[in-house]
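J.: Structure file structure24.tsv (TSV, C-alpha atoms) is given on the next line.
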```
chain	number	residue	atom	x	y	z
M	1	MET	CA	-0.39	51.14	105.14
M	2	GLU	CA	-3.38	52.10	102.95
M	3	ARG	CA	-6.71	50.82	104.13
M	4	ILE	CA	-9.36	49.29	101.88
M	5	LEU	CA	-12.89	48.34	102.88
M	6	VAL	CA	-14.63	45.69	100.75
M	7	VAL	CA	-18.45	45.73	100.97
M	8	ASP	CA	-20.36	42.87	99.35
M	9	ASP	CA	-23.21	40.68	100.58
M	10	GLU	CA	-21.42	37.61	99.16
M	11	PRO	CA	-18.86	36.53	101.83
M	12	GLU	CA	-16.79	34.73	99.18
M	13	VAL	CA	-16.37	37.98	97.20
M	14	CYS	CA	-15.12	39.68	100.36
M	15	ASN	CA	-12.77	36.76	101.09
M	16	ALA	CA	-11.26	36.65	97.59
M	17	LEU	CA	-10.74	40.43	97.42
M	18	ASN	CA	-9.34	40.39	100.95
M	19	GLU	CA	-6.85	37.69	100.00
M	20	PHE	CA	-5.80	39.45	96.81
M	21	LEU	CA	-5.50	42.99	98.16
M	22	SER	CA	-3.75	41.81	101.36
M	23	SER	CA	-1.19	40.05	99.16
M	24	LYS	CA	-0.58	43.42	97.49
M	25	GLY	CA	0.19	45.00	100.84
M	26	TYR	CA	-3.06	46.73	101.69
M	27	GLU	CA	-4.82	46.62	105.05
M	28	VAL	CA	-8.20	45.10	104.15
M	29	TYR	CA	-11.49	45.22	106.04
M	30	THR	CA	-14.78	43.67	104.97
M	31	ALA	CA	-18.49	44.30	105.53
M	32	LEU	CA	-21.48	42.29	104.33
M	33	ASP	CA	-24.05	45.09	104.22
M	34	GLY	CA	-24.48	48.87	104.06
M	35	ILE	CA	-25.09	49.44	107.79
M	36	SER	CA	-21.96	47.47	108.81
M	37	ALA	CA	-20.01	49.29	106.10
M	38	ILE	CA	-20.90	52.74	107.50
M	39	LYS	CA	-19.93	51.55	110.99
M	40	LYS	CA	-16.60	50.27	109.64
M	41	VAL	CA	-15.93	53.52	107.75
M	42	LYS	CA	-16.32	55.52	110.97
M	43	GLU	CA	-14.07	53.04	112.78
M	44	VAL	CA	-11.15	52.56	110.37
M	45	ARG	CA	-11.42	55.55	107.92
M	46	PRO	CA	-10.44	53.61	104.79
M	47	HIS	CA	-8.73	55.27	101.83
M	48	ILE	CA	-10.74	53.16	99.39
M	49	VAL	CA	-14.12	51.41	99.56
M	50	LEU	CA	-15.01	48.70	97.05
M	51	LEU	CA	-18.79	48.82	97.23
M	52	ASP	CA	-21.31	46.38	95.71
M	53	VAL	CA	-24.27	48.22	94.17
M	54	ILE	CA	-26.94	45.59	94.68
M	55	MET	CA	-27.21	44.46	98.29
M	56	PRO	CA	-30.19	43.49	100.41
M	57	GLY	CA	-31.30	46.19	102.85
M	58	MET	CA	-29.38	49.40	102.37
M	59	GLY	CA	-28.26	49.33	98.73
M	60	GLY	CA	-24.92	50.47	97.34
M	61	ILE	CA	-26.11	53.90	96.18
M	62	ASP	CA	-27.57	54.78	99.62
M	63	THR	CA	-24.42	53.47	101.32
M	64	LEU	CA	-22.31	55.58	98.96
M	65	GLN	CA	-24.27	58.71	99.94
M	66	GLU	CA	-23.85	57.98	103.65
M	67	ILE	CA	-20.09	57.32	103.35
M	68	LYS	CA	-19.65	60.57	101.40
M	69	LYS	CA	-21.35	62.42	104.27
M	70	ILE	CA	-18.83	60.92	106.71
M	71	ASP	CA	-15.75	61.64	104.59
M	72	SER	CA	-16.01	63.02	101.07
M	73	LYS	CA	-12.33	62.21	100.34
M	74	ILE	CA	-12.76	58.42	100.52
M	75	GLY	CA	-12.36	56.87	97.06
M	76	ILE	CA	-15.41	54.74	96.43
M	77	ILE	CA	-15.33	52.17	93.62
M	78	MET	CA	-18.75	50.74	92.78
M	79	ILE	CA	-19.08	47.06	91.84
M	80	THR	CA	-22.04	45.49	90.12
M	81	ALA	CA	-23.03	42.44	88.15
M	82	VAL	CA	-24.84	44.59	85.64
M	83	ALA	CA	-23.16	47.00	83.25
M	84	ASP	CA	-25.88	49.56	83.86
M	85	HIS	CA	-24.49	52.83	82.55
M	86	GLU	CA	-27.34	54.90	83.97
M	87	LEU	CA	-26.63	53.56	87.45
M	88	ALA	CA	-22.90	54.15	86.91
M	89	LYS	CA	-23.53	57.76	85.91
M	90	ARG	CA	-25.72	58.26	88.97
M	91	ALA	CA	-23.04	56.81	91.27
M	92	ILE	CA	-20.35	59.00	89.71
M	93	ASP	CA	-22.64	62.07	90.03
M	94	ILE	CA	-23.07	61.32	93.73
M	95	GLY	CA	-19.30	61.10	94.13
M	96	ALA	CA	-18.12	57.58	93.36
M	97	TYR	CA	-14.56	57.50	92.05
M	98	SER	CA	-15.03	54.68	89.58
M	99	TYR	CA	-17.30	51.86	88.52
M	100	ILE	CA	-16.39	48.25	87.66
M	101	THR	CA	-18.48	45.27	86.63
M	102	LYS	CA	-18.48	41.62	87.60
M	103	PRO	CA	-16.78	39.28	86.91
M	104	LEU	CA	-13.99	41.31	88.46
M	105	ASP	CA	-10.56	41.47	86.88
M	106	LEU	CA	-8.21	41.50	89.86
M	107	ASN	CA	-5.35	43.17	87.98
M	108	TYR	CA	-7.71	45.92	86.84
M	109	ILE	CA	-8.91	46.43	90.43
M	110	GLU	CA	-5.31	46.73	91.57
M	111	THR	CA	-4.68	49.40	88.92
M	112	VAL	CA	-7.79	51.43	89.80
M	113	VAL	CA	-6.99	51.20	93.52
M	114	MET	CA	-3.36	52.22	92.92
M	115	VAL	CA	-4.34	55.25	90.82
M	116	LYS	CA	-6.69	56.45	93.56
M	117	ILE	CA	-4.08	55.83	96.28
M	118	LEU	CA	-1.64	57.98	94.27
M	119	ASP	CA	-4.23	60.77	94.44
M	120	PHE	CA	-4.02	60.60	98.22
M	121	LEU	CA	-0.23	60.78	98.14
M	122	ASP	CA	-0.22	63.90	95.92
G	1	MET	CA	-102.56	33.31	32.66
G	2	GLU	CA	-100.87	34.05	29.34
G	3	ASN	CA	-97.65	32.18	28.83
G	4	LYS	CA	-95.43	34.91	27.52
G	5	ASN	CA	-92.04	34.30	25.95
G	6	LEU	CA	-89.80	36.81	27.69
G	7	LEU	CA	-87.19	36.71	24.99
G	8	GLU	CA	-89.69	37.84	22.41
G	9	ASP	CA	-90.39	40.98	24.37
G	10	SER	CA	-87.41	43.32	24.10
G	11	SER	CA	-88.32	45.47	27.13
G	12	ASP	CA	-88.53	42.36	29.34
G	13	PHE	CA	-85.25	41.17	27.93
G	14	ASP	CA	-83.61	44.48	28.80
G	15	GLN	CA	-85.11	44.24	32.27
G	16	LEU	CA	-83.70	40.75	32.64
G	17	LYS	CA	-80.29	41.93	31.50
G	18	LYS	CA	-80.46	44.71	34.07
G	19	TYR	CA	-81.33	42.20	36.81
G	20	ALA	CA	-78.43	39.98	35.73
G	21	LYS	CA	-76.10	42.98	35.78
G	22	ASP	CA	-77.36	44.02	39.21
G	23	ILE	CA	-76.90	40.50	40.54
G	24	ALA	CA	-73.39	40.36	39.07
G	25	GLU	CA	-72.55	43.65	40.74
G	26	VAL	CA	-73.96	42.54	44.08
G	27	TYR	CA	-71.99	39.31	43.74
G	28	LYS	CA	-68.83	41.26	42.85
G	29	SER	CA	-69.27	43.63	45.76
G	30	GLU	CA	-69.99	40.71	48.14
G	31	LYS	CA	-66.89	38.94	46.85
G	32	GLN	CA	-64.86	42.10	47.48
G	33	ARG	CA	-66.38	42.46	50.96
G	34	ARG	CA	-65.60	38.85	51.74
G	35	LYS	CA	-62.02	39.39	50.58
G	36	GLU	CA	-61.72	42.47	52.80
G	37	LEU	CA	-63.17	40.57	55.76
G	38	GLN	CA	-60.74	37.73	55.21
G	39	ALA	CA	-57.84	40.22	55.07
G	40	ALA	CA	-59.09	41.94	58.25
G	41	TYR	CA	-59.41	38.55	59.96
G	42	LYS	CA	-55.89	37.58	58.86
G	43	GLU	CA	-54.49	40.88	60.17
G	44	LEU	CA	-56.38	40.48	63.44
G	45	LYS	CA	-55.08	36.94	63.84
G	46	GLU	CA	-51.52	38.07	63.10
G	47	THR	CA	-51.83	40.93	65.61
G	48	ARG	CA	-53.17	38.52	68.22
G	49	ASP	CA	-50.33	36.04	67.55
G	50	MET	CA	-47.78	38.85	67.80
G	51	LEU	CA	-49.28	40.06	71.06
G	52	ILE	CA	-49.09	36.56	72.53
G	53	GLN	CA	-45.51	36.27	71.25
G	54	SER	CA	-44.64	39.69	72.67
G	55	GLU	CA	-46.13	38.88	76.10
G	56	LYS	CA	-44.40	35.51	76.18
G	57	LEU	CA	-41.01	36.95	75.25
G	58	ALA	CA	-41.34	39.83	77.70
G	59	ALA	CA	-41.98	37.33	80.51
G	60	ILE	CA	-39.07	35.12	79.38
G	61	GLY	CA	-36.90	38.24	79.14
G	62	ARG	CA	-37.62	39.28	82.72
G	63	LEU	CA	-36.94	35.76	83.94
G	64	THR	CA	-33.71	35.29	82.01
G	65	ALA	CA	-32.34	38.72	82.95
G	66	GLY	CA	-32.92	37.82	86.61
G	67	VAL	CA	-31.28	34.43	86.16
G	68	ALA	CA	-28.37	36.03	84.27
G	69	HIS	CA	-27.79	38.44	87.14
G	70	GLU	CA	-27.85	35.65	89.71
G	71	VAL	CA	-25.52	33.48	87.62
G	72	LEU	CA	-22.94	36.26	87.39
G	73	ASN	CA	-22.45	36.36	91.18
G	74	PRO	CA	-21.12	32.81	91.57
G	75	VAL	CA	-19.29	33.17	88.24
G	76	ASN	CA	-17.54	36.22	89.69
G	77	ILE	CA	-16.40	34.26	92.74
G	78	ILE	CA	-15.14	31.32	90.66
G	79	SER	CA	-13.39	33.77	88.31
G	80	MET	CA	-11.60	35.54	91.17
G	81	ARG	CA	-10.54	32.23	92.73
G	82	LEU	CA	-9.11	31.09	89.39
G	83	GLN	CA	-7.25	34.38	89.00
G	84	LEU	CA	-5.79	33.95	92.50
G	85	LEU	CA	-4.85	30.36	91.67
G	86	SER	CA	-3.09	31.38	88.46
G	87	MET	CA	-1.05	33.93	90.46
G	88	THR	CA	0.38	31.06	92.53
G	89	GLU	CA	3.96	30.52	91.39
G	90	GLU	CA	4.25	26.85	92.36
G	91	LEU	CA	1.39	25.79	90.05
G	92	SER	CA	2.34	22.90	87.72
G	93	ASP	CA	1.99	23.37	83.95
G	94	GLN	CA	-0.88	20.89	83.93
G	95	ALA	CA	-2.74	22.78	86.65
G	96	ARG	CA	-2.04	26.13	84.96
G	97	ASN	CA	-3.43	24.74	81.72
G	98	ALA	CA	-6.56	23.53	83.56
G	99	VAL	CA	-7.02	26.99	85.10
G	100	THR	CA	-6.79	28.59	81.66
G	101	ILE	CA	-9.43	26.22	80.30
G	102	CYS	CA	-11.73	26.98	83.24
G	103	LYS	CA	-11.25	30.74	82.69
G	104	ASP	CA	-12.09	30.41	78.99
G	105	GLN	CA	-15.24	28.49	79.80
G	106	LEU	CA	-16.22	31.09	82.37
G	107	ASP	CA	-15.83	33.74	79.67
G	108	ARG	CA	-18.39	31.80	77.62
G	109	ILE	CA	-20.85	31.85	80.53
G	110	VAL	CA	-20.27	35.58	80.96
G	111	GLU	CA	-20.92	36.23	77.26
G	112	ILE	CA	-24.19	34.27	77.41
G	113	THR	CA	-25.36	36.07	80.54
G	114	LYS	CA	-24.50	39.42	78.98
G	115	ASP	CA	-26.54	38.51	75.89
G	116	LEU	CA	-29.44	37.44	78.06
G	117	GLY	CA	-29.21	40.62	80.07
G	118	GLN	CA	-29.62	42.64	76.89
G	119	PHE	CA	-33.18	41.50	76.43
G	120	SER	CA	-34.87	43.31	79.25
G	121	ARG	CA	-32.32	46.04	79.75
G	122	VAL	CA	-33.77	49.48	79.33
G	123	TYR	CA	-31.36	51.27	77.06
G	124	LYS	CA	-31.02	54.97	77.00
G	125	LYS	CA	-31.51	55.21	73.31
G	126	HIS	CA	-28.92	56.98	71.24
G	127	THR	CA	-30.82	56.99	68.01
G	128	THR	CA	-29.89	58.92	64.93
G	129	VAL	CA	-31.84	59.59	61.79
G	130	SER	CA	-30.55	57.01	59.35
G	131	ASP	CA	-31.02	55.88	55.80
G	132	LEU	CA	-31.97	52.20	56.00
G	133	ASN	CA	-30.62	51.52	52.49
G	134	MET	CA	-27.22	52.85	53.54
G	135	VAL	CA	-27.19	50.80	56.75
G	136	ILE	CA	-27.99	47.63	54.78
G	137	GLY	CA	-25.31	48.53	52.24
G	138	HIS	CA	-22.76	48.84	55.04
G	139	VAL	CA	-23.67	45.44	56.52
G	140	LEU	CA	-23.51	43.79	53.09
G	141	THR	CA	-20.04	45.25	52.56
G	142	LEU	CA	-18.97	43.70	55.87
G	143	TYR	CA	-20.38	40.36	54.80
G	144	ALA	CA	-19.14	40.43	51.19
G	145	PRO	CA	-15.99	38.31	51.76
G	146	GLN	CA	-18.07	35.70	53.60
G	147	PHE	CA	-20.61	35.60	50.77
G	148	LYS	CA	-17.77	34.99	48.34
G	149	ILE	CA	-16.33	32.14	50.39
G	150	GLU	CA	-19.74	30.51	50.80
G	151	ASN	CA	-20.77	31.13	47.19
G	152	ILE	CA	-23.87	33.13	48.16
G	153	ARG	CA	-25.32	35.51	45.57
G	154	THR	CA	-27.21	38.59	46.64
G	155	ASP	CA	-29.98	40.57	45.02
G	156	VAL	CA	-30.80	43.85	46.71
G	157	GLN	CA	-33.73	46.03	45.71
G	158	TYR	CA	-33.58	49.35	47.49
G	159	HIS	CA	-36.68	51.52	47.53
G	160	PRO	CA	-35.45	54.74	45.91
G	161	ASP	CA	-37.34	57.20	48.15
G	162	LEU	CA	-37.29	55.34	51.42
G	163	PRO	CA	-38.30	57.54	54.38
G	164	SER	CA	-35.49	57.95	56.91
G	165	ILE	CA	-35.76	56.16	60.26
G	166	GLN	CA	-34.58	56.69	63.85
G	167	LEU	CA	-32.01	54.00	64.60
G	168	GLU	CA	-29.44	52.88	67.07
G	169	ARG	CA	-27.25	51.90	64.19
G	170	ASP	CA	-24.93	49.46	65.98
G	171	ARG	CA	-27.80	47.51	67.48
G	172	PHE	CA	-29.77	47.47	64.24
G	173	GLU	CA	-26.72	46.25	62.35
G	174	GLN	CA	-26.48	43.45	64.90
G	175	VAL	CA	-30.03	42.39	63.94
G	176	LEU	CA	-29.16	42.34	60.24
G	177	LEU	CA	-25.99	40.38	60.93
G	178	ASN	CA	-27.94	37.83	63.01
G	179	ILE	CA	-30.51	37.27	60.26
G	180	ILE	CA	-27.92	37.11	57.48
G	181	SER	CA	-25.80	34.72	59.52
G	182	ASN	CA	-28.83	32.45	60.06
G	183	ALA	CA	-29.67	32.63	56.35
G	184	SER	CA	-26.12	31.71	55.47
G	185	THR	CA	-26.18	28.68	57.82
G	186	SER	CA	-29.57	27.63	56.48
G	187	MET	CA	-28.28	27.71	52.89
G	188	ALA	CA	-25.22	25.56	53.61
G	189	GLY	CA	-25.23	22.57	51.27
G	190	GLN	CA	-27.99	23.98	49.04
G	191	GLU	CA	-27.44	24.09	45.31
G	192	VAL	CA	-28.76	27.62	44.90
G	193	LYS	CA	-27.66	30.09	47.55
G	194	MET	CA	-29.46	33.36	47.05
G	195	LEU	CA	-30.01	36.15	49.53
G	196	ASP	CA	-32.70	38.65	48.50
G	197	ILE	CA	-33.07	41.94	50.33
G	198	VAL	CA	-35.90	44.34	49.60
G	199	THR	CA	-36.65	47.66	51.25
G	200	LYS	CA	-40.13	49.15	51.09
G	201	SER	CA	-42.10	52.11	52.26
G	202	VAL	CA	-45.38	50.88	53.76
G	203	LYS	CA	-48.50	52.32	55.38
G	204	SER	CA	-48.30	55.60	53.44
G	205	GLY	CA	-44.67	56.15	54.39
G	206	ASP	CA	-45.31	55.83	58.14
G	207	TYR	CA	-43.23	52.65	58.24
G	208	VAL	CA	-40.34	51.15	56.35
G	209	GLN	CA	-39.90	47.47	55.80
G	210	VAL	CA	-36.88	45.35	55.05
G	211	ILE	CA	-37.42	41.81	53.86
G	212	ILE	CA	-34.48	39.42	53.96
G	213	SER	CA	-35.11	36.15	52.14
G	214	ASP	CA	-32.93	33.12	51.59
G	215	THR	CA	-33.11	29.92	49.59
G	216	GLY	CA	-32.25	27.75	52.58
G	217	ALA	CA	-34.11	24.95	54.27
G	218	GLY	CA	-36.91	27.21	55.53
G	219	ILE	CA	-38.49	27.09	58.97
G	220	ASN	CA	-40.38	24.03	60.07
G	221	GLN	CA	-43.97	25.23	60.59
G	222	SER	CA	-44.07	23.70	64.07
G	223	ASN	CA	-41.05	25.84	65.03
G	224	MET	CA	-42.45	29.11	63.69
G	225	ASP	CA	-43.72	30.34	67.09
G	226	LYS	CA	-40.49	29.35	68.84
G	227	ILE	CA	-37.81	30.93	66.67
G	228	PHE	CA	-37.59	34.10	68.79
G	229	ASP	CA	-37.42	32.14	72.07
G	230	PRO	CA	-34.08	32.23	73.91
G	231	PHE	CA	-31.88	29.20	73.36
G	232	PHE	CA	-34.12	27.90	70.58
G	233	THR	CA	-31.87	26.74	67.79
G	234	THR	CA	-31.84	24.15	65.05
G	235	LYS	CA	-28.11	24.69	64.56
G	236	ASN	CA	-25.40	22.41	65.90
G	237	PRO	CA	-24.26	23.33	69.44
G	238	ASP	CA	-20.98	24.75	68.11
G	239	GLN	CA	-22.78	27.02	65.63
G	240	GLY	CA	-24.67	29.22	68.03
G	241	THR	CA	-26.33	29.68	71.38
G	242	GLY	CA	-29.86	30.28	70.08
G	243	LEU	CA	-29.85	33.85	71.33
G	244	GLY	CA	-29.45	35.73	68.03
G	245	LEU	CA	-33.12	36.04	67.10
G	246	PHE	CA	-34.12	36.53	70.73
G	247	ILE	CA	-31.84	39.56	70.92
G	248	SER	CA	-32.92	40.77	67.47
G	249	TYR	CA	-36.55	40.67	68.55
G	250	SER	CA	-35.70	42.74	71.62
G	251	ILE	CA	-33.78	45.34	69.60
G	252	ILE	CA	-36.52	45.78	67.01
G	253	LYS	CA	-39.20	46.02	69.70
G	254	ASP	CA	-37.06	48.60	71.47
G	255	LEU	CA	-37.02	50.65	68.27
G	256	GLY	CA	-40.84	50.59	68.13
G	257	GLY	CA	-40.92	48.09	65.29
G	258	ARG	CA	-41.81	44.48	64.74
G	259	ILE	CA	-40.10	41.44	63.28
G	260	TRP	CA	-41.60	38.24	61.98
G	261	ALA	CA	-40.78	35.35	59.66
G	262	GLU	CA	-42.56	33.45	56.93
G	263	ASN	CA	-41.57	30.59	54.71
G	264	ARG	CA	-41.26	31.46	51.04
G	265	GLU	CA	-42.12	29.48	47.93
G	266	PRO	CA	-40.62	27.30	46.57
G	267	LYS	CA	-38.11	27.16	49.41
G	268	GLY	CA	-36.38	29.21	52.04
G	269	ALA	CA	-37.51	31.75	54.61
G	270	SER	CA	-38.16	35.48	54.72
G	271	PHE	CA	-37.63	37.75	57.71
G	272	TYR	CA	-39.66	40.94	57.81
G	273	ILE	CA	-38.57	43.94	59.86
G	274	GLU	CA	-40.91	46.89	60.06
G	275	LEU	CA	-39.81	50.14	61.67
G	276	PRO	CA	-41.57	53.46	62.13
G	277	SER	CA	-40.24	56.18	59.87
G	278	ALA	CA	-38.61	59.22	61.50
G	279	LYS	CA	-41.57	61.40	60.49
G	280	ASN	CA	-43.94	58.91	62.17
G	281	ILE	CA	-41.92	59.13	65.42
G	282	ASP	CA	-41.88	62.95	65.25
G	283	ASN	CA	-45.67	62.99	64.96
```
Would it be possible to restate this file's structure as structure tokens?
T.:
Amino acid sequence: MERILVVDDEPEVCNALNEFLSSKGYEVYTALDGISAIKKVKEVRPHIVLLDVIMPGMGGIDTLQEIKKIDSKIGIIMITAVADHELAKRAIDIGAYSYITKPLDLNYIETVVMVKILDFLD
Amino acid sequence: MENKNLLEDSSDFDQLKKYAKDIAEVYKSEKQRRKELQAAYKELKETRDMLIQSEKLAAIGRLTAGVAHEVLNPVNIISMRLQLLSMTEELSDQARNAVTICKDQLDRIVEITKDLGQFSRVYKKHTTVSDLNMVIGHVLTLYAPQFKIENIRTDVQYHPDLPSIQLERDRFEQVLLNIISNASTSMAGQEVKMLDIVTKSVKSGDYVQVIISDTGAGINQSNMDKIFDPFFTTKNPDQGTGLGLFISYSIIKDLGGRIWAENREPKGASFYIELPSAKNIDN
């Protein structure tokens, strides 16, 4: 079963994504901040990380860099409330797979996740 | 002392005429100086008012962008919960209908927050050298069917040798559309509906100006310093959010220009947009 880690400082975002992605058959883990996310990545080696850009403490971009150091193959999808194209470009340059903005369209998330999972299967 | 009749002495009369001429010239030059001082004072006052307006809107912009960002987080959670709810098969038609209504209303909130976010967002500018006359022509073509429906006549006076300007065309067109849309609303119910557009080269070609005037109700003088504030509107709630001019102000400021409004005689309002010409930016 493919593993997905959801990282967002809003517990309700983690809960909703957990509920949705679990219903689609994924094994879902959650973390509320960057430090816990890095710990979880080392522990469960997810295929995909859904990562909030703006978080207190270690922000999404720093967390992205750290996760990439652990495993560059992990597909990281950045999530933010702001459609900031400069930030998106920076995240993609660092190695993020994709970038989506809030409010999240669950069907779109499923599609992006599926496309990345197919990459792993190839 | 001899009482001499000045008028009988031609040299004294000439002298008197010279004095009168000198006095007239001094008076004329003083009048001119006074006029110049008044103009300088007016310009200074306008600059001061614009600076106050600019500071005020910048502060509001920072505040609203922050609020918009914070609002989007709970909106995102509500939106996801509604999506999950609508995926539930056993939902009654009534409940499904309610979910759809809630989703539509959330979309409205998202649109407003996106608009608010635009104000203080730092855009990476994708400007191109553009011909302002052509841009206006394009917008008027877009609006032509609407003008016909609403019985609005247009009179456009393009400056023939207008200097080109650096524009983000899409965003600038949005400004024109906002102003024209407001003009159109303001003219609803008026007997004469006339939209005048004039383009000008000003300040020795360093700037170009577009003046959009309507024959609508005009702007109440007490509202003049509020028209660019977010959510300020005199329209009915279903006719707009009050963000159009707020966003327009931000776009024009972003392009290094300025925008202001004045009432026109005998009725209606004029919006002035002044932008630096491309050559001015290059220098």
J.: For chain G, report every residue with an atom at most 8 Å from chain M (counting all atoms listed in the file), formatted as a list in words.
T.: His69, Leu72, Asn73, Val75, Asn76, Ile77, Ser79, Met80, Arg81, Gln83, Leu84, Val110 and Lys124 of chain G
J.: Residues within 12 Å of M:Ile38, please, as a PDB file with C-alpha atoms, keeping the file's coordinate frame. Count only C-alpha atoms; anything in the same chain fewer than 3 positions from it doesn't count.
T.:
```
ATOM      1  CA  LEU M   5     -12.890  48.340 102.880  1.00  0.00           C
ATOM      2  CA  VAL M   6     -14.630  45.690 100.750  1.00  0.00           C
ATOM      3  CA  VAL M   7     -18.450  45.730 100.970  1.00  0.00           C
ATOM      4  CA  THR M  30     -14.780  43.670 104.970  1.00  0.00           C
ATOM      5  CA  ALA M  31     -18.490  44.300 105.530  1.00  0.00           C
ATOM      6  CA  LEU M  32     -21.480  42.290 104.330  1.00  0.00           C
ATOM      7  CA  ASP M  33     -24.050  45.090 104.220  1.00  0.00           C
ATOM      8  CA  GLY M  34     -24.480  48.870 104.060  1.00  0.00           C
ATOM      9  CA  ILE M  35     -25.090  49.440 107.790  1.00  0.00           C
ATOM     10  CA  VAL M  41     -15.930  53.520 107.750  1.00  0.00           C
ATOM     11  CA  LYS M  42     -16.320  55.520 110.970  1.00  0.00           C
ATOM     12  CA  GLU M  43     -14.070  53.040 112.780  1.00  0.00           C
ATOM     13  CA  VAL M  44     -11.150  52.560 110.370  1.00  0.00           C
ATOM     14  CA  ARG M  45     -11.420  55.550 107.920  1.00  0.00           C
ATOM     15  CA  PRO M  46     -10.440  53.610 104.790  1.00  0.00           C
ATOM     16  CA  VAL M  49     -14.120  51.410  99.560  1.00  0.00           C
ATOM     17  CA  LEU M  51     -18.790  48.820  97.230  1.00  0.00           C
ATOM     18  CA  MET M  58     -29.380  49.400 102.370  1.00  0.00           C
ATOM     19  CA  GLY M  59     -28.260  49.330  98.730  1.00  0.00           C
ATOM     20  CA  GLY M  60     -24.920  50.470  97.340  1.00  0.00           C
ATOM     21  CA  ASP M  62     -27.570  54.780  99.620  1.00  0.00           C
ATOM     22  CA  THR M  63     -24.420  53.470 101.320  1.00  0.00           C
ATOM     23  CA  LEU M  64     -22.310  55.580  98.960  1.00  0.00           C
ATOM     24  CA  GLN M  65     -24.270  58.710  99.940  1.00  0.00           C
ATOM     25  CA  GLU M  66     -23.850  57.980 103.650  1.00  0.00           C
ATOM     26  CA  ILE M  67     -20.090  57.320 103.350  1.00  0.00           C
ATOM     27  CA  LYS M  68     -19.650  60.570 101.400  1.00  0.00           C
ATOM     28  CA  LYS M  69     -21.350  62.420 104.270  1.00  0.00           C
ATOM     29  CA  ILE M  70     -18.830  60.920 106.710  1.00  0.00           C
ATOM     30  CA  ASP M  71     -15.750  61.640 104.590  1.00  0.00           C
TER      31      ASP M  71
END
```
J.: Interatomic distance between atom CA of G:Phe13 and atom CA of G:Ser29?
T.: 24.1 Å
J.: Looking at all atoms listed in the file, which of G:Ile273, G:Val175, G:Ile152, G:Ile52 is the one that sits closest to G:Ile247?
T.: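 Ranking G:Ile273, G:Val175, G:Ile152, G:Ile52 by distance to G:Ile247, first place goes to G:Val175.
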J.: At what distance in Å, to one decimal, does atom CA of M:Lys24 lie from atom CA of G:Val99?
T.: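 Distance reported for this atom pair: 21.6 Å.
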J.: Have a look at atom CA of M:Met78 and atom CA of G:Val71 and let me know their distance in Å, one decimal.
T.: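 Spanning atom CA of M:Met78 to atom CA of G:Val71 is a straight-line distance of 19.2 Å.
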J.: Tell me which of G:Ala68, G:Ala217, G:Ala40, G:Leu195 sits closest to G:Lys114, counting only C-alpha atoms.
T.: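 Of the candidates, the smallest distance to G:Lys114 is held by G:Ala68.
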J.: For each of M:Ile117, M:Leu21, M:Ile79, M:Ile4, take the minimum atom-to-atom distance to M:Ala96, counting all atoms listed in the file, then give the residue where this is smallest.
T.: M:Ile79
J.: Near G:Tyr143, counting all atoms listed in the file, which residues have an atom at most 12 Å away, once you skip same-chain residues fewer than 6 positions from it, shown as a ChimeraX atom specification?
T.: /G:136-137,149-154,173,176-181,184,195
